[in-house]
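Data block for data_2.pdb (PDB, C-alpha atoms):
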```
ATOM      1  CA  GLU A   1      25.259 -18.387  20.125
ATOM      2  CA  SER A   2      27.135 -15.146  19.412
ATOM      3  CA  GLY A   3      24.699 -13.033  21.444
ATOM      4  CA  GLN A   4      23.924 -10.765  18.471
ATOM      5  CA  LEU A   5      20.189 -11.477  18.613
ATOM      6  CA  ASP A   6      19.985  -8.997  21.492
ATOM      7  CA  ASN A   7      21.323  -6.326  19.116
ATOM      8  CA  THR A   8      19.515  -7.281  15.881
ATOM      9  CA  ILE A   9      16.398  -6.106  14.057
ATOM     10  CA  ILE A  10      14.838  -8.889  11.987
ATOM     11  CA  ILE A  11      12.380  -8.131   9.177
ATOM     12  CA  TYR A  12      10.606 -10.568   6.883
ATOM     13  CA  THR A  13       8.679  -9.057   3.980
ATOM     14  CA  ALA A  14       8.341  -9.088   0.176
ATOM     15  CA  ASP A  15       7.999  -6.525  -2.602
ATOM     16  CA  HIS A  16       4.735  -7.950  -3.983
ATOM     17  CA  GLY A  17       2.831 -11.177  -4.258
ATOM     18  CA  ASP A  18       2.204 -13.441  -7.202
ATOM     19  CA  PHE A  19      -1.092 -14.885  -8.323
ATOM     20  CA  ALA A  20      -1.299 -18.520  -7.306
ATOM     21  CA  GLY A  21      -4.492 -19.271  -9.190
ATOM     22  CA  GLU A  22      -6.538 -16.426  -7.675
ATOM     23  CA  HIS A  23      -8.875 -14.972 -10.277
ATOM     24  CA  GLY A  24      -7.662 -17.738 -12.616
ATOM     25  CA  LEU A  25      -4.252 -16.046 -12.970
ATOM     26  CA  VAL A  26      -0.686 -17.159 -12.352
ATOM     27  CA  HIS A  27       1.266 -14.033 -13.307
ATOM     28  CA  LYS A  28       2.180 -11.065 -11.107
ATOM     29  CA  THR A  29       1.511  -8.037 -13.290
ATOM     30  CA  LEU A  30      -2.164  -8.455 -14.105
ATOM     31  CA  GLY A  31      -4.358  -6.336 -11.874
ATOM     32  CA  MET A  32      -4.175  -4.814  -8.428
ATOM     33  CA  TYR A  33      -5.807  -7.404  -6.203
ATOM     34  CA  ASP A  34      -5.022  -8.085  -2.547
ATOM     35  CA  SER A  35      -3.272 -11.304  -3.561
ATOM     36  CA  ILE A  36      -0.673  -9.174  -5.362
ATOM     37  CA  LEU A  37      -0.467  -6.094  -3.139
ATOM     38  CA  LYS A  38      -0.937  -7.556   0.331
ATOM     39  CA  ILE A  39       2.501  -8.718   1.446
ATOM     40  CA  PRO A  40       3.878 -10.360   4.583
ATOM     41  CA  PHE A  41       5.504  -8.085   7.131
ATOM     42  CA  LEU A  42       7.087  -9.498  10.257
ATOM     43  CA  ILE A  43       9.415  -7.475  12.473
ATOM     44  CA  SER A  44      11.294  -8.256  15.645
ATOM     45  CA  TRP A  45      13.763  -6.243  17.692
ATOM     46  CA  PRO A  46      15.280  -6.804  21.129
ATOM     47  CA  THR A  47      12.908  -4.556  23.128
ATOM     48  CA  GLY A  48       9.875  -5.104  20.895
ATOM     49  CA  PRO A  49       6.768  -7.062  21.823
ATOM     50  CA  LYS A  50       6.645 -10.778  21.098
ATOM     51  CA  GLY A  51       3.824 -12.583  19.308
ATOM     52  CA  GLU A  52       1.691  -9.494  18.614
ATOM     53  CA  LYS A  53      -0.452  -9.299  15.477
ATOM     54  CA  SER A  54      -2.082  -6.301  13.823
ATOM     55  CA  ASP A  55      -4.579  -5.875  11.018
ATOM     56  CA  GLU A  56      -3.716  -2.183  10.556
ATOM     57  CA  ILE A  57      -2.885  -0.894   7.096
ATOM     58  CA  ILE A  58       0.829  -0.433   6.566
ATOM     59  CA  GLU A  59       2.902   0.206   3.450
ATOM     60  CA  SER A  60       6.395  -0.756   2.379
ATOM     61  CA  ILE A  61       7.265   2.928   2.442
ATOM     62  CA  ASP A  62       6.890   2.745   6.243
ATOM     63  CA  LEU A  63       9.872   0.414   6.555
ATOM     64  CA  TYR A  64      12.602   3.074   6.246
ATOM     65  CA  PRO A  65      11.205   5.420   8.931
ATOM     66  CA  THR A  66      10.658   2.402  11.194
ATOM     67  CA  LEU A  67      14.259   1.261  10.873
ATOM     68  CA  CYS A  68      15.529   4.805  11.397
ATOM     69  CA  GLU A  69      13.525   5.171  14.620
ATOM     70  CA  LEU A  70      14.703   1.817  15.936
ATOM     71  CA  CYS A  71      18.320   2.736  15.111
ATOM     72  CA  LYS A  72      17.874   6.259  16.540
ATOM     73  CA  ILE A  73      18.636   7.929  13.196
ATOM     74  CA  LEU A  74      17.005  11.340  12.712
ATOM     75  CA  LEU A  75      14.900  11.802   9.586
ATOM     76  CA  SER A  76      14.157  14.922   7.590
ATOM     77  CA  ASN A  77      10.525  15.984   7.288
ATOM     78  CA  GLU A  78      10.661  15.167   3.576
ATOM     79  CA  VAL A  79      10.856  11.408   4.105
ATOM     80  CA  GLU A  80       7.683   9.645   3.060
ATOM     81  CA  GLY A  81       6.141   6.915   5.204
ATOM     82  CA  GLU A  82       5.562   6.643   8.923
ATOM     83  CA  SER A  83       7.378   4.685  11.588
ATOM     84  CA  LEU A  84       5.514   1.588  12.712
ATOM     85  CA  VAL A  85       7.090   1.599  16.172
ATOM     86  CA  SER A  86       4.111   3.400  17.724
ATOM     87  CA  LEU A  87       1.719   0.886  16.098
ATOM     88  CA  ILE A  88       3.667  -1.972  17.517
ATOM     89  CA  ASN A  89       4.439  -0.511  20.939
ATOM     90  CA  GLU A  90       1.467   1.703  21.708
ATOM     91  CA  SER A  91      -1.250   1.051  19.121
ATOM     92  CA  LYS A  92      -1.122   4.740  18.143
ATOM     93  CA  TYR A  93      -0.271   4.350  14.456
ATOM     94  CA  LYS A  94      -3.344   4.553  12.261
ATOM     95  CA  LYS A  95      -3.328   4.799   8.486
ATOM     96  CA  ASP A  96      -6.688   5.142   6.766
ATOM     97  CA  ALA A  97      -5.551   3.871   3.385
ATOM     98  CA  ALA A  98      -2.709   2.410   1.362
ATOM     99  CA  PHE A  99      -2.006   3.503  -2.193
ATOM    100  CA  CYS A 100      -0.413   1.801  -5.156
ATOM    101  CA  GLU A 101       0.297   3.049  -8.638
ATOM    102  CA  SER A 102       1.496   1.536 -11.863
ATOM    103  CA  ARG A 103       1.825   3.107 -15.262
ATOM    104  CA  ASN A 104      -1.846   2.418 -16.098
ATOM    105  CA  GLU A 105      -3.624   1.979 -12.762
ATOM    106  CA  SER A 106      -3.975   3.572  -9.364
ATOM    107  CA  SER A 107      -5.353   1.771  -6.334
ATOM    108  CA  ILE A 108      -6.567   2.705  -2.881
ATOM    109  CA  ARG A 109      -7.096   0.103  -0.160
ATOM    110  CA  THR A 110      -8.928   0.932   3.044
ATOM    111  CA  LYS A 111      -9.900  -1.484   5.781
ATOM    112  CA  ASP A 112     -13.212  -2.192   4.057
ATOM    113  CA  PHE A 113     -12.695  -1.399   0.357
ATOM    114  CA  ARG A 114     -10.308  -1.567  -2.573
ATOM    115  CA  MET A 115     -10.800   0.673  -5.572
ATOM    116  CA  VAL A 116      -8.734   0.515  -8.751
ATOM    117  CA  PHE A 117      -8.876   3.374 -11.228
ATOM    118  CA  TYR A 118      -7.718   2.793 -14.804
ATOM    119  CA  LYS A 119      -5.885   5.913 -15.967
ATOM    120  CA  SER A 120      -6.639   5.365 -19.656
ATOM    121  CA  GLU A 121     -10.314   4.464 -19.227
ATOM    122  CA  SER A 122     -13.343   5.861 -17.452
ATOM    123  CA  ASP A 123     -14.067   2.835 -15.311
ATOM    124  CA  GLY A 124     -12.401   0.707 -12.719
ATOM    125  CA  GLU A 125     -12.974  -1.813  -9.961
ATOM    126  CA  LEU A 126     -14.494  -1.500  -6.502
ATOM    127  CA  TYR A 127     -14.586  -4.333  -3.962
ATOM    128  CA  ASP A 128     -16.295  -4.432  -0.568
ATOM    129  CA  HIS A 129     -14.024  -6.528   1.665
ATOM    130  CA  ARG A 130     -16.694  -6.725   4.353
ATOM    131  CA  ASN A 131     -18.672  -9.034   2.036
ATOM    132  CA  ASP A 132     -16.178 -10.068  -0.663
ATOM    133  CA  GLU A 133     -12.694 -10.833   0.664
ATOM    134  CA  GLN A 134     -11.708 -12.615  -2.554
ATOM    135  CA  GLU A 135     -12.471  -9.540  -4.701
ATOM    136  CA  VAL A 136     -14.836 -11.324  -7.055
ATOM    137  CA  ILE A 137     -17.795  -8.912  -7.235
ATOM    138  CA  ASN A 138     -16.884  -5.643  -8.965
ATOM    139  CA  LEU A 139     -19.185  -2.944  -7.569
ATOM    140  CA  TRP A 140     -17.855  -0.085  -9.704
ATOM    141  CA  ASP A 141     -21.182   0.461 -11.506
ATOM    142  CA  ASN A 142     -23.412  -0.419  -8.540
ATOM    143  CA  PRO A 143     -25.417   2.723  -7.662
ATOM    144  CA  ASP A 144     -25.559   1.659  -3.997
ATOM    145  CA  TYR A 145     -21.774   2.197  -3.838
ATOM    146  CA  PHE A 146     -21.616   5.526  -5.676
ATOM    147  CA  GLU A 147     -20.894   7.587  -2.533
ATOM    148  CA  ILE A 148     -18.157   5.172  -1.447
ATOM    149  CA  ARG A 149     -16.610   5.264  -4.917
ATOM    150  CA  LEU A 150     -16.707   9.075  -4.869
ATOM    151  CA  LYS A 151     -15.042   9.245  -1.447
ATOM    152  CA  LEU A 152     -12.316   6.780  -2.471
ATOM    153  CA  THR A 153     -11.758   8.691  -5.735
ATOM    154  CA  GLU A 154     -11.293  11.918  -3.765
ATOM    155  CA  GLN A 155      -8.769  10.222  -1.454
ATOM    156  CA  LEU A 156      -6.904   8.729  -4.415
ATOM    157  CA  LEU A 157      -6.804  12.090  -6.199
ATOM    158  CA  ALA A 158      -5.548  13.857  -3.050
ATOM    159  CA  PHE A 159      -2.796  11.268  -2.663
ATOM    160  CA  THR A 160      -1.834  11.525  -6.335
ATOM    161  CA  MET A 161      -1.685  15.326  -6.242
ATOM    162  CA  ASN A 162       0.387  15.329  -3.051
ATOM    163  CA  HIS A 163       2.706  12.623  -4.381
ATOM    164  CA  ALA A 164       3.228  14.528  -7.636
ATOM    165  CA  VAL A 165       4.364  17.582  -5.649
ATOM    166  CA  ILE A 166       6.668  15.578  -3.395
ATOM    167  CA  THR A 167       8.360  13.618  -6.162
ATOM    168  CA  ASP A 168       8.603  16.332  -8.841
ATOM    169  CA  LEU A 169       7.007  14.846 -11.947
ATOM    170  CA  LYS A 170       9.664  16.224 -14.312
ATOM    171  CA  THR A 171      12.413  14.376 -12.422
ATOM    172  CA  THR A 172      10.298  11.230 -12.261
ATOM    173  CA  ARG A 173       9.697  11.264 -16.026
ATOM    174  CA  ASN A 174      13.416  11.734 -16.704
ATOM    175  CA  VAL A 175      14.263   8.775 -14.476
ATOM    176  CA  GLU A 176      11.601   6.626 -16.165
ATOM    177  CA  ARG A 177      13.010   7.464 -19.618
ATOM    178  CA  LYS A 178      16.517   6.459 -18.547
ATOM    179  CA  MET A 179      15.260   3.213 -16.996
ATOM    180  CA  ARG A 180      13.628   2.082 -20.241
ATOM    181  CA  TYR A 181      16.991   1.621 -21.974
TER     182      TYR A 181
END
```
As structure tokens, the full file:
Amino acid sequence: ESGQLDNTIIIYTADHGDFAGEHGLVHKTLGMYDSILKIPFLISWPTGPKGEKSDEIIESIDLYPTLCELCKILLSNEVEGESLVSLINESKYKKDAAFCESRNESSIRTKDFRMVFYKSESDGELYDHRNDEQEVINLWDNPDYFEIRLKLTEQLLAFTMNHAVITDLKTTRNVERKMRY
């Protein structure tokens, strides 16, 4: 009624999911499954397309650059994430993987696979989403998936090394110590 819809960006999303019985769990901090990490993301703006859907990989970190582009705010080159405007408008955005880390686990999700690496152990989880969308069959020790596991491990390590440089681990540790109290 006020006419502000023609000047408004609307976003619907969440920070993470909760288990709703998947894998027999009802909590939110146990594991790195799609049911926890895959979140809704809906966006609308006055000149944007209507009713479009995409199965591309995006990350929450892409939200800030997207909003800045839509609001015509210049970003420094140090900002992490990528604007989704080209994905939405021109189908040019393409991310090969999404990454997630917690204190004890690191995860990589590609279109076809999810791998979780346990930092304190020498094993993990590997799921083939082409054949196992519910992430029930752990293929970590399956020799037929060794090359895939190796490739995903290399991608996860490259991300981790790059992220450590960007965020300055000393600063990160100091912030974590302060947050504990």
Target residues per the PyMOL selection byres ((chain A and resi 96) around 9), formatted as a PyMOL selection string = chain A and resi 56-57+94-95+97-98+109-111
Go ahead and dump the residues you just picked, C-alpha atoms, as a compact mmCIF listing (two decimals), in the frame of the given file.
```
# COMPACT_ATOMS: atom_id res chain seq x y z
CA GLU A 56 -3.72 -2.18 10.56
CA ILE A 57 -2.88 -0.89 7.10
CA LYS A 94 -3.34 4.55 12.26
CA LYS A 95 -3.33 4.80 8.49
CA ALA A 97 -5.55 3.87 3.38
CA ALA A 98 -2.71 2.41 1.36
CA ARG A 109 -7.10 0.10 -0.16
CA THR A 110 -8.93 0.93 3.04
CA LYS A 111 -9.90 -1.48 5.78
```
Could you spell out the hits of the PyMOL selection byres ((chain A and resi 66-74) around 9) on the shown file, as a list of chain:residue names?
-> A:Ile9, A:Trp45, A:Asp62, A:Leu63, A:Tyr64, A:Pro65, A:Leu75, A:Ser76, A:Gly81, A:Glu82, A:Ser83, A:Leu84, A:Val85
For Val116 (chain A), which of A:Thr153, A:Ile43, A:Leu87, A:Asp6 is the closest residue, counting all atoms listed in the file?
-> A:Thr153
How many Å separate CA of Asp112 (chain A) from CA of Gly48 (chain A)?
->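 Straight-line distance from CA of Asp112 (chain A) to CA of Gly48 (chain A) works out to 28.7 Å.
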Mind checking which residues fall within 9 Å of Cys100 (chain A), counting all atoms listed in the file, ignoring those fewer than 3 positions away in the same chain, and posting them as a PyMOL selection string?
-> chain A and resi 32+37+105-109
For CA of Glu125 (chain A) and CA of Arg149 (chain A), the interatomic separation in Å (one decimal) =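 The value is 9.4 Å.
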For Thr13 (chain A), which of A:Tyr127, A:Glu1, A:Glu59, A:Glu52 is the closest residue, counting all atoms listed in the file?
->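 Distance minimum relative to Thr13 (chain A) lands on A:Glu59.
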What is the distance, in Å and to one decimal place, between CA of Phe113 (chain A) and CA of Glu78 (chain A)?
->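 CA of Phe113 (chain A) sits 28.8 Å away from CA of Glu78 (chain A).
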Reference answer for the PyMOL selection byres ((chain A and resi 136-139) around 12), as a PyMOL selection string | chain A and resi 22-24+33-34+113-116+123-135+140-149
Could you pull region 122-153 of chain A out of the structure I just pasted and write it to a file containing N, CA, C and O atoms, as a PDB file, in the first residue's frame?
```pdb
ATOM      1  N   SER A 122      41.484 -39.824  12.255  1.00  0.00           N
ATOM      2  CA  SER A 122      42.019 -40.066  10.916  1.00  0.00           C
ATOM      3  C   SER A 122      40.958 -40.599   9.956  1.00  0.00           C
ATOM      4  O   SER A 122      41.285 -41.182   8.944  1.00  0.00           O
ATOM      5  N   ASP A 123      39.707 -40.412  10.296  1.00  0.00           N
ATOM      6  CA  ASP A 123      38.656 -40.866   9.393  1.00  0.00           C
ATOM      7  C   ASP A 123      37.609 -39.776   9.232  1.00  0.00           C
ATOM      8  O   ASP A 123      37.773 -38.663   9.708  1.00  0.00           O
ATOM      9  N   GLY A 124      36.565 -40.104   8.542  1.00  0.00           N
ATOM     10  CA  GLY A 124      35.525 -39.121   8.309  1.00  0.00           C
ATOM     11  C   GLY A 124      34.312 -39.758   7.662  1.00  0.00           C
ATOM     12  O   GLY A 124      34.049 -40.943   7.834  1.00  0.00           O
ATOM     13  N   GLU A 125      33.609 -38.954   6.882  1.00  0.00           N
ATOM     14  CA  GLU A 125      32.402 -39.411   6.201  1.00  0.00           C
ATOM     15  C   GLU A 125      32.460 -38.944   4.748  1.00  0.00           C
ATOM     16  O   GLU A 125      32.927 -37.847   4.463  1.00  0.00           O
ATOM     17  N   LEU A 126      31.949 -39.765   3.867  1.00  0.00           N
ATOM     18  CA  LEU A 126      31.854 -39.417   2.449  1.00  0.00           C
ATOM     19  C   LEU A 126      30.531 -39.960   1.927  1.00  0.00           C
ATOM     20  O   LEU A 126      30.235 -41.152   2.082  1.00  0.00           O
ATOM     21  N   TYR A 127      29.732 -39.067   1.335  1.00  0.00           N
ATOM     22  CA  TYR A 127      28.422 -39.457   0.807  1.00  0.00           C
ATOM     23  C   TYR A 127      28.325 -39.084  -0.660  1.00  0.00           C
ATOM     24  O   TYR A 127      28.740 -38.006  -1.072  1.00  0.00           O
ATOM     25  N   ASP A 128      27.768 -39.984  -1.440  1.00  0.00           N
ATOM     26  CA  ASP A 128      27.549 -39.780  -2.879  1.00  0.00           C
ATOM     27  C   ASP A 128      26.085 -39.389  -3.068  1.00  0.00           C
ATOM     28  O   ASP A 128      25.192 -40.238  -3.018  1.00  0.00           O
ATOM     29  N   HIS A 129      25.827 -38.117  -3.269  1.00  0.00           N
ATOM     30  CA  HIS A 129      24.450 -37.619  -3.394  1.00  0.00           C
ATOM     31  C   HIS A 129      23.766 -38.047  -4.683  1.00  0.00           C
ATOM     32  O   HIS A 129      22.552 -37.936  -4.794  1.00  0.00           O
ATOM     33  N   ARG A 130      24.521 -38.558  -5.634  1.00  0.00           N
ATOM     34  CA  ARG A 130      23.899 -39.072  -6.855  1.00  0.00           C
ATOM     35  C   ARG A 130      23.098 -40.329  -6.553  1.00  0.00           C
ATOM     36  O   ARG A 130      22.103 -40.616  -7.223  1.00  0.00           O
ATOM     37  N   ASN A 131      23.537 -41.088  -5.518  1.00  0.00           N
ATOM     38  CA  ASN A 131      22.890 -42.354  -5.175  1.00  0.00           C
ATOM     39  C   ASN A 131      22.352 -42.405  -3.753  1.00  0.00           C
ATOM     40  O   ASN A 131      21.676 -43.369  -3.390  1.00  0.00           O
ATOM     41  N   ASP A 132      22.674 -41.394  -2.933  1.00  0.00           N
ATOM     42  CA  ASP A 132      22.337 -41.438  -1.510  1.00  0.00           C
ATOM     43  C   ASP A 132      22.043 -40.018  -1.007  1.00  0.00           C
ATOM     44  O   ASP A 132      22.837 -39.417  -0.292  1.00  0.00           O
ATOM     45  N   GLU A 133      20.889 -39.497  -1.381  1.00  0.00           N
ATOM     46  CA  GLU A 133      20.536 -38.125  -1.001  1.00  0.00           C
ATOM     47  C   GLU A 133      20.336 -37.963   0.503  1.00  0.00           C
ATOM     48  O   GLU A 133      20.495 -36.864   1.032  1.00  0.00           O
ATOM     49  N   GLN A 134      20.002 -39.025   1.192  1.00  0.00           N
ATOM     50  CA  GLN A 134      19.745 -38.953   2.632  1.00  0.00           C
ATOM     51  C   GLN A 134      21.014 -39.104   3.473  1.00  0.00           C
ATOM     52  O   GLN A 134      20.953 -39.066   4.694  1.00  0.00           O
ATOM     53  N   GLU A 135      22.150 -39.304   2.831  1.00  0.00           N
ATOM     54  CA  GLU A 135      23.437 -39.453   3.508  1.00  0.00           C
ATOM     55  C   GLU A 135      23.401 -40.573   4.549  1.00  0.00           C
ATOM     56  O   GLU A 135      23.660 -40.378   5.725  1.00  0.00           O
ATOM     57  N   VAL A 136      23.106 -41.760   4.071  1.00  0.00           N
ATOM     58  CA  VAL A 136      22.999 -42.928   4.938  1.00  0.00           C
ATOM     59  C   VAL A 136      24.206 -43.857   4.773  1.00  0.00           C
ATOM     60  O   VAL A 136      24.659 -44.473   5.739  1.00  0.00           O
ATOM     61  N   ILE A 137      24.764 -43.927   3.576  1.00  0.00           N
ATOM     62  CA  ILE A 137      25.854 -44.863   3.291  1.00  0.00           C
ATOM     63  C   ILE A 137      27.182 -44.110   3.295  1.00  0.00           C
ATOM     64  O   ILE A 137      27.496 -43.360   2.370  1.00  0.00           O
ATOM     65  N   ASN A 138      27.973 -44.326   4.357  1.00  0.00           N
ATOM     66  CA  ASN A 138      29.272 -43.677   4.481  1.00  0.00           C
ATOM     67  C   ASN A 138      30.290 -44.438   3.635  1.00  0.00           C
ATOM     68  O   ASN A 138      30.592 -45.600   3.894  1.00  0.00           O
ATOM     69  N   LEU A 139      30.829 -43.765   2.625  1.00  0.00           N
ATOM     70  CA  LEU A 139      31.755 -44.379   1.676  1.00  0.00           C
ATOM     71  C   LEU A 139      33.217 -44.058   1.978  1.00  0.00           C
ATOM     72  O   LEU A 139      34.086 -44.283   1.139  1.00  0.00           O
ATOM     73  N   TRP A 140      33.501 -43.545   3.147  1.00  0.00           N
ATOM     74  CA  TRP A 140      34.845 -43.094   3.491  1.00  0.00           C
ATOM     75  C   TRP A 140      35.892 -44.188   3.239  1.00  0.00           C
ATOM     76  O   TRP A 140      36.953 -43.922   2.687  1.00  0.00           O
ATOM     77  N   ASP A 141      35.613 -45.408   3.648  1.00  0.00           N
ATOM     78  CA  ASP A 141      36.569 -46.507   3.513  1.00  0.00           C
ATOM     79  C   ASP A 141      36.382 -47.328   2.235  1.00  0.00           C
ATOM     80  O   ASP A 141      37.075 -48.322   2.041  1.00  0.00           O
ATOM     81  N   ASN A 142      35.470 -46.940   1.386  1.00  0.00           N
ATOM     82  CA  ASN A 142      35.212 -47.681   0.148  1.00  0.00           C
ATOM     83  C   ASN A 142      36.325 -47.390  -0.858  1.00  0.00           C
ATOM     84  O   ASN A 142      36.513 -46.245  -1.280  1.00  0.00           O
ATOM     85  N   PRO A 143      37.088 -48.400  -1.254  1.00  0.00           N
ATOM     86  CA  PRO A 143      38.217 -48.171  -2.174  1.00  0.00           C
ATOM     87  C   PRO A 143      37.782 -47.608  -3.537  1.00  0.00           C
ATOM     88  O   PRO A 143      38.575 -46.934  -4.205  1.00  0.00           O
ATOM     89  N   ASP A 144      36.548 -47.858  -3.935  1.00  0.00           N
ATOM     90  CA  ASP A 144      36.066 -47.310  -5.209  1.00  0.00           C
ATOM     91  C   ASP A 144      35.956 -45.791  -5.176  1.00  0.00           C
ATOM     92  O   ASP A 144      35.878 -45.151  -6.224  1.00  0.00           O
ATOM     93  N   TYR A 145      35.944 -45.203  -3.987  1.00  0.00           N
ATOM     94  CA  TYR A 145      35.794 -43.750  -3.834  1.00  0.00           C
ATOM     95  C   TYR A 145      37.078 -43.078  -3.348  1.00  0.00           C
ATOM     96  O   TYR A 145      37.058 -41.907  -2.978  1.00  0.00           O
ATOM     97  N   PHE A 146      38.191 -43.808  -3.386  1.00  0.00           N
ATOM     98  CA  PHE A 146      39.446 -43.249  -2.886  1.00  0.00           C
ATOM     99  C   PHE A 146      39.852 -41.989  -3.652  1.00  0.00           C
ATOM    100  O   PHE A 146      40.238 -40.981  -3.044  1.00  0.00           O
ATOM    101  N   GLU A 147      39.793 -42.013  -4.975  1.00  0.00           N
ATOM    102  CA  GLU A 147      40.195 -40.854  -5.777  1.00  0.00           C
ATOM    103  C   GLU A 147      39.298 -39.655  -5.506  1.00  0.00           C
ATOM    104  O   GLU A 147      39.775 -38.510  -5.430  1.00  0.00           O
ATOM    105  N   ILE A 148      38.023 -39.883  -5.333  1.00  0.00           N
ATOM    106  CA  ILE A 148      37.085 -38.793  -5.016  1.00  0.00           C
ATOM    107  C   ILE A 148      37.412 -38.224  -3.645  1.00  0.00           C
ATOM    108  O   ILE A 148      37.465 -37.005  -3.465  1.00  0.00           O
ATOM    109  N   ARG A 149      37.652 -39.107  -2.687  1.00  0.00           N
ATOM    110  CA  ARG A 149      38.006 -38.642  -1.333  1.00  0.00           C
ATOM    111  C   ARG A 149      39.298 -37.829  -1.363  1.00  0.00           C
ATOM    112  O   ARG A 149      39.402 -36.788  -0.711  1.00  0.00           O
ATOM    113  N   LEU A 150      40.275 -38.269  -2.128  1.00  0.00           N
ATOM    114  CA  LEU A 150      41.539 -37.542  -2.252  1.00  0.00           C
ATOM    115  C   LEU A 150      41.326 -36.154  -2.859  1.00  0.00           C
ATOM    116  O   LEU A 150      41.837 -35.151  -2.354  1.00  0.00           O
ATOM    117  N   LYS A 151      40.539 -36.079  -3.921  1.00  0.00           N
ATOM    118  CA  LYS A 151      40.266 -34.796  -4.565  1.00  0.00           C
ATOM    119  C   LYS A 151      39.534 -33.843  -3.615  1.00  0.00           C
ATOM    120  O   LYS A 151      39.874 -32.665  -3.512  1.00  0.00           O
ATOM    121  N   LEU A 152      38.542 -34.347  -2.903  1.00  0.00           N
ATOM    122  CA  LEU A 152      37.799 -33.515  -1.952  1.00  0.00           C
ATOM    123  C   LEU A 152      38.693 -33.072  -0.783  1.00  0.00           C
ATOM    124  O   LEU A 152      38.587 -31.940  -0.312  1.00  0.00           O
ATOM    125  N   THR A 153      39.583 -33.953  -0.348  1.00  0.00           N
ATOM    126  CA  THR A 153      40.526 -33.606   0.726  1.00  0.00           C
ATOM    127  C   THR A 153      41.448 -32.490   0.267  1.00  0.00           C
ATOM    128  O   THR A 153      41.716 -31.544   1.025  1.00  0.00           O
TER     129      THR A 153
END
```
